[in-house]
Each structure stands twice: as C-alpha cells, then as structure tokens.
Amino acid sequence: EKLEKQIAFMAKNNYEFTFAPYYIISEEGKELGLSTTRSKVNYTDILRTCDIGCLTAVYDRSVLGNMHMANIRKRHDYTLWLRILRKIPYAYSYHEPLGYYRLRSYSISGNKFKTMYYIWKVYREVEQIPFFKSVWYIVLYSMYGLRKYLPLYRKK
C-alpha cells in the first residue's frame, strides 16, 4: 500500500517530490524507533540534515524528468535529493511511516565517520559549496546526526 498511499498524497496535493517517516529495526527485526521528518524540506534544510530516506522517496518523473544519483560510493541518494531540490522548492513528508529500515553492523552506511567523509565530498565536489560554508554545514550535519541517533541507541 506504500506506493498507492504516497502517489495519492502526491496527486491530491500536486507535489512533485515526497518522502515519509519509517520504522528503524535491528538486524533481528526488533523495532528500535521511528525516523523523524519535518512536514516539508528544501535544499538548505537537507544540507543541514537529511530527513529523506531512500526507501520512501518518490518523485514525479513527468514533471522533473529522468534524474539520476551521482556516481559516488556513498550518499549517492543524497546527491539526487539535492539535485531535485535545486529544481523545485520543497519535498513533502507523508504523515505516517511507510517502511522499515534495518540497521546492519556491516552496512555501507554503518560507519558514521566514513559517511561524514562522503557528505564532505558531496558538499565540495558535487555541490561545489565553498570551503568555509562546507565546514559550517558539516558541523550542523554532525550535530543533527547526533541528536537524531543518540535517542535511538538509548532505547536499547
């Protein structure tokens, strides 16, 4: 029902790009928490922290055309969200969770230090954000990331 609900939400509101909260589960399937999303985000918002989980993102190809992720090892989905949000003002969140994200100890995004390295690469190489502005965004991204993940791990 995920696509049915989300596409109806997009059609009803004339949205070009949407996403949704999702449940976070352990490798064993135990529910650990719920991702938090703002009702809408723009380009600058997701430079600070990204609410858009790849498992819930949907964009209207008839409006935006074919869009592709950058060819980098990590955070390629993030590059697509940024590219889309340079074309349109907002991405909108559906009001209920529409998926499950399984945390795995060996996942490609499991090492947050490596993830931050790739975020830096996105800022500097893909988005070509000036150095000091990139420093500012990486600090904000780190702070939001800590705030986003620490409560989750306290629940265990």
# chains A, B, ... in the order shown; residues from 1 in each chain; ligands from 1

$ residues_around --residues "Asp60 in chain A" --least-positions-apart "2" --cutoff "10 Å" --atoms "only C-alpha atoms" --output "PyMOL selection string"
chain A and resi 7+10-11+14-18+58+62-66

$ atom_distance --atom1 "CA of Ala20 in chain A" --atom2 "CA of Leu34 in chain A"
10.8 Å

$ select_by_dssp --residues "range 9-44 of chain A" --states "alpha helix (DSSP H)" --output "PDB file with C-alpha atoms, in the first residue's frame"
ATOM      1  CA  PHE A   9      -0.918  12.027  -1.461  1.00  0.00           C
ATOM      2  CA  MET A  10       1.198  13.497  -4.266  1.00  0.00           C
ATOM      3  CA  ALA A  11      -1.737  13.736  -6.685  1.00  0.00           C
ATOM      4  CA  LYS A  12      -4.113  15.244  -4.130  1.00  0.00           C
ATOM      5  CA  ASN A  13      -1.620  17.958  -3.160  1.00  0.00           C
ATOM      6  CA  TYR A  43      17.589  22.409  -0.407  1.00  0.00           C
ATOM      7  CA  THR A  44      19.131  24.325   2.517  1.00  0.00           C
TER       8      THR A  44
END

$ closest_residue --among "A:Lys133, A:Lys74, A:Arg48, A:His95" --to "Phe113 in chain A" --atoms "only C-alpha atoms"
A:Lys74

$ closest_atom_pairs --of "range 36-98 of chain A" --to "range 2-5 of chain A" --cutoff "10 Å" --atoms "only C-alpha atoms" --output "CSV"
residue,atom,partner,partner_atom,distance
A:Thr56,CA,A:Lys2,CA,8.4
A:Val58,CA,A:Leu3,CA,8.5
A:Tyr94,CA,A:Lys5,CA,8.7
A:Glu96,CA,A:Lys5,CA,9.9
A:Pro97,CA,A:Lys2,CA,9.1
A:Leu98,CA,A:Lys2,CA,5.7

$ residues_around --residues "Met69 in chain A" --least-positions-apart "5" --cutoff "10 Å" --atoms "only C-alpha atoms" --output "tab-separated table (two decimals) with N, CA, C and O atoms, in the first residue's frame"
chain	number	residue	atom	x	y	z
A	75	ARG	N	26.28	8.00	-0.25
A	75	ARG	CA	25.49	9.23	-0.27
A	75	ARG	C	25.02	9.62	-1.66
A	75	ARG	O	24.69	10.76	-1.92
A	76	HIS	N	25.01	8.67	-2.58
A	76	HIS	CA	24.54	8.95	-3.93
A	76	HIS	C	23.06	9.33	-3.94
A	76	HIS	O	22.64	10.16	-4.73
A	77	ASP	N	22.27	8.74	-3.03
A	77	ASP	CA	20.86	9.12	-2.94
A	77	ASP	C	20.73	10.59	-2.52
A	77	ASP	O	19.92	11.34	-3.06
A	78	TYR	N	21.57	10.99	-1.59
A	78	TYR	CA	21.58	12.38	-1.09
A	78	TYR	C	21.85	13.36	-2.24
A	78	TYR	O	21.22	14.42	-2.31
A	79	THR	N	22.74	13.00	-3.15
A	79	THR	CA	23.02	13.88	-4.29
A	79	THR	C	21.78	14.06	-5.16
A	79	THR	O	21.56	15.15	-5.70
A	80	LEU	N	20.97	13.02	-5.26
A	80	LEU	CA	19.74	13.13	-6.05
A	80	LEU	C	18.75	14.06	-5.37
A	80	LEU	O	18.13	14.90	-6.02
A	81	TRP	N	18.60	13.93	-4.06
A	81	TRP	CA	17.65	14.81	-3.34
A	81	TRP	C	18.08	16.27	-3.52
A	81	TRP	O	17.23	17.13	-3.76
A	82	LEU	N	19.37	16.53	-3.40
A	82	LEU	CA	19.86	17.90	-3.58
A	82	LEU	C	19.58	18.40	-5.01
A	82	LEU	O	19.13	19.53	-5.20
A	83	ARG	N	19.83	17.56	-5.98
A	83	ARG	CA	19.60	17.93	-7.38
A	83	ARG	C	18.12	18.25	-7.61
A	83	ARG	O	17.78	19.24	-8.27

$ atom_distance --atom1 "CA of Phe19 in chain A" --atom2 "CA of Ile88 in chain A"
14.5 Å

$ closest_residue --among "A:Leu47, A:Met116, A:Leu55, A:Ile72" --to "Tyr23 in chain A" --atoms "only C-alpha atoms"
A:Leu55

$ residues_around --residues "range 24-30 of chain A" --least-positions-apart "3" --cutoff "10 Å" --atoms "only C-alpha atoms" --output "list in words"
Pro21, Gly33, Leu34, Ser35, Gly99, Tyr100, Tyr101, Arg102, Leu103, Arg104, Ser105, Leu152 and Lys156 of chain A

$ select_by_dssp --residues "range 17-156 of chain A" --states "strand (DSSP E)" --output "list in words"
Phe17, Thr18, Phe19, Tyr23, Ile24, Ile25, Glu31, Leu32, Gly33, Leu34, Lys40, Val41, Val58, Tyr59, Ala91, Tyr92, Ser93, Tyr100, Tyr101 and Arg102 of chain A

$ closest_atom_pairs --of "range 35-124 of chain A" --to "range 134-142 of chain A" --cutoff "12 Å" --atoms "only C-alpha atoms" --output "tab-separated table"
residue	atom	partner	partner_atom	distance
A:Thr44	CA	A:Tyr137	CA	9.4
A:Asp45	CA	A:Tyr141	CA	10.1
A:Ile46	CA	A:Tyr141	CA	8.8
A:Leu47	CA	A:Tyr137	CA	6.4
A:Arg48	CA	A:Tyr141	CA	4.8
A:Thr49	CA	A:Tyr141	CA	5.0
A:Cys50	CA	A:Tyr141	CA	8.3
A:Asp51	CA	A:Tyr141	CA	11.2
A:Lys112	CA	A:Ser142	CA	9.4
A:Phe113	CA	A:Ser142	CA	9.7
A:Thr115	CA	A:Ser142	CA	10.3
A:Met116	CA	A:Ile138	CA	7.5
A:Tyr117	CA	A:Ile138	CA	9.4
A:Tyr118	CA	A:Ile138	CA	10.6
A:Ile119	CA	A:Ile138	CA	7.5
A:Trp120	CA	A:Ile138	CA	6.8
A:Lys121	CA	A:Ser134	CA	9.6
A:Val122	CA	A:Ser134	CA	9.5
A:Tyr123	CA	A:Ser134	CA	6.0
A:Arg124	CA	A:Ser134	CA	6.9

$ atom_distance --atom1 "CA of Ile129 in chain A" --atom2 "CA of Thr36 in chain A"
26.6 Å

$ decode --residues "range 70-139 of chain A" --atoms "C-alpha atoms" --output "PDB file, in the first residue's frame"
ATOM      1  CA  ALA A  70      25.775  10.793  -8.661  1.00  0.00           C
ATOM      2  CA  ASN A  71      28.348   8.072  -9.256  1.00  0.00           C
ATOM      3  CA  ILE A  72      29.944   8.011  -5.800  1.00  0.00           C
ATOM      4  CA  ARG A  73      30.256   5.107  -3.354  1.00  0.00           C
ATOM      5  CA  LYS A  74      28.142   6.557  -0.559  1.00  0.00           C
ATOM      6  CA  ARG A  75      25.487   9.228  -0.266  1.00  0.00           C
ATOM      7  CA  HIS A  76      24.540   8.953  -3.926  1.00  0.00           C
ATOM      8  CA  ASP A  77      20.862   9.122  -2.940  1.00  0.00           C
ATOM      9  CA  TYR A  78      21.578  12.378  -1.092  1.00  0.00           C
ATOM     10  CA  THR A  79      23.018  13.880  -4.286  1.00  0.00           C
ATOM     11  CA  LEU A  80      19.743  13.131  -6.053  1.00  0.00           C
ATOM     12  CA  TRP A  81      17.653  14.810  -3.340  1.00  0.00           C
ATOM     13  CA  LEU A  82      19.861  17.904  -3.579  1.00  0.00           C
ATOM     14  CA  ARG A  83      19.600  17.933  -7.380  1.00  0.00           C
ATOM     15  CA  ILE A  84      15.802  17.674  -7.222  1.00  0.00           C
ATOM     16  CA  LEU A  85      15.537  20.394  -4.586  1.00  0.00           C
ATOM     17  CA  ARG A  86      17.529  22.750  -6.780  1.00  0.00           C
ATOM     18  CA  LYS A  87      14.684  22.404  -9.323  1.00  0.00           C
ATOM     19  CA  ILE A  88      11.669  22.638  -7.009  1.00  0.00           C
ATOM     20  CA  PRO A  89      11.148  24.486  -3.725  1.00  0.00           C
ATOM     21  CA  TYR A  90      10.137  21.606  -1.398  1.00  0.00           C
ATOM     22  CA  ALA A  91       9.856  17.899  -0.773  1.00  0.00           C
ATOM     23  CA  TYR A  92       6.857  16.966   1.384  1.00  0.00           C
ATOM     24  CA  SER A  93       6.529  14.276   4.019  1.00  0.00           C
ATOM     25  CA  TYR A  94       3.646  11.851   4.139  1.00  0.00           C
ATOM     26  CA  HIS A  95       2.027  11.823   7.591  1.00  0.00           C
ATOM     27  CA  GLU A  96       2.634   8.179   8.560  1.00  0.00           C
ATOM     28  CA  PRO A  97       5.531   5.672   8.387  1.00  0.00           C
ATOM     29  CA  LEU A  98       5.718   3.814   5.086  1.00  0.00           C
ATOM     30  CA  GLY A  99       8.649   1.489   5.529  1.00  0.00           C
ATOM     31  CA  TYR A 100      11.188  -0.338   7.681  1.00  0.00           C
ATOM     32  CA  TYR A 101      14.909   0.367   7.705  1.00  0.00           C
ATOM     33  CA  ARG A 102      17.066  -2.444   9.060  1.00  0.00           C
ATOM     34  CA  LEU A 103      20.258  -1.324  10.826  1.00  0.00           C
ATOM     35  CA  ARG A 104      23.125  -3.653   9.995  1.00  0.00           C
ATOM     36  CA  SER A 105      26.527  -3.548  11.653  1.00  0.00           C
ATOM     37  CA  TYR A 106      28.328  -4.189   8.353  1.00  0.00           C
ATOM     38  CA  SER A 107      26.276  -1.846   6.138  1.00  0.00           C
ATOM     39  CA  ILE A 108      27.875   0.626   3.782  1.00  0.00           C
ATOM     40  CA  SER A 109      26.451   3.494   5.863  1.00  0.00           C
ATOM     41  CA  GLY A 110      27.216   1.929   9.241  1.00  0.00           C
ATOM     42  CA  ASN A 111      30.478   3.826   9.791  1.00  0.00           C
ATOM     43  CA  LYS A 112      29.362   7.388  10.523  1.00  0.00           C
ATOM     44  CA  PHE A 113      32.908   8.797  10.158  1.00  0.00           C
ATOM     45  CA  LYS A 114      33.114   7.447   6.621  1.00  0.00           C
ATOM     46  CA  THR A 115      29.621   8.735   5.966  1.00  0.00           C
ATOM     47  CA  MET A 116      30.711  12.218   7.044  1.00  0.00           C
ATOM     48  CA  TYR A 117      33.651  11.978   4.663  1.00  0.00           C
ATOM     49  CA  TYR A 118      31.233  11.331   1.805  1.00  0.00           C
ATOM     50  CA  ILE A 119      28.934  14.129   2.944  1.00  0.00           C
ATOM     51  CA  TRP A 120      32.015  16.385   2.724  1.00  0.00           C
ATOM     52  CA  LYS A 121      32.683  15.088  -0.800  1.00  0.00           C
ATOM     53  CA  VAL A 122      29.098  15.877  -1.770  1.00  0.00           C
ATOM     54  CA  TYR A 123      29.402  19.428  -0.443  1.00  0.00           C
ATOM     55  CA  ARG A 124      32.753  20.147  -2.068  1.00  0.00           C
ATOM     56  CA  GLU A 125      32.828  18.058  -5.241  1.00  0.00           C
ATOM     57  CA  VAL A 126      29.215  17.555  -6.269  1.00  0.00           C
ATOM     58  CA  GLU A 127      27.557  20.718  -4.942  1.00  0.00           C
ATOM     59  CA  GLN A 128      30.763  22.795  -5.130  1.00  0.00           C
ATOM     60  CA  ILE A 129      29.984  24.612  -1.898  1.00  0.00           C
ATOM     61  CA  PRO A 130      32.816  26.908  -0.762  1.00  0.00           C
ATOM     62  CA  PHE A 131      35.167  25.522   1.907  1.00  0.00           C
ATOM     63  CA  PHE A 132      34.042  27.523   4.967  1.00  0.00           C
ATOM     64  CA  LYS A 133      30.370  27.114   4.128  1.00  0.00           C
ATOM     65  CA  SER A 134      31.004  23.361   3.799  1.00  0.00           C
ATOM     66  CA  VAL A 135      32.648  23.374   7.243  1.00  0.00           C
ATOM     67  CA  TRP A 136      29.541  25.076   8.638  1.00  0.00           C
ATOM     68  CA  TYR A 137      27.214  22.536   7.027  1.00  0.00           C
ATOM     69  CA  ILE A 138      29.295  19.545   8.156  1.00  0.00           C
ATOM     70  CA  VAL A 139      29.189  20.825  11.750  1.00  0.00           C
TER      71      VAL A 139
END
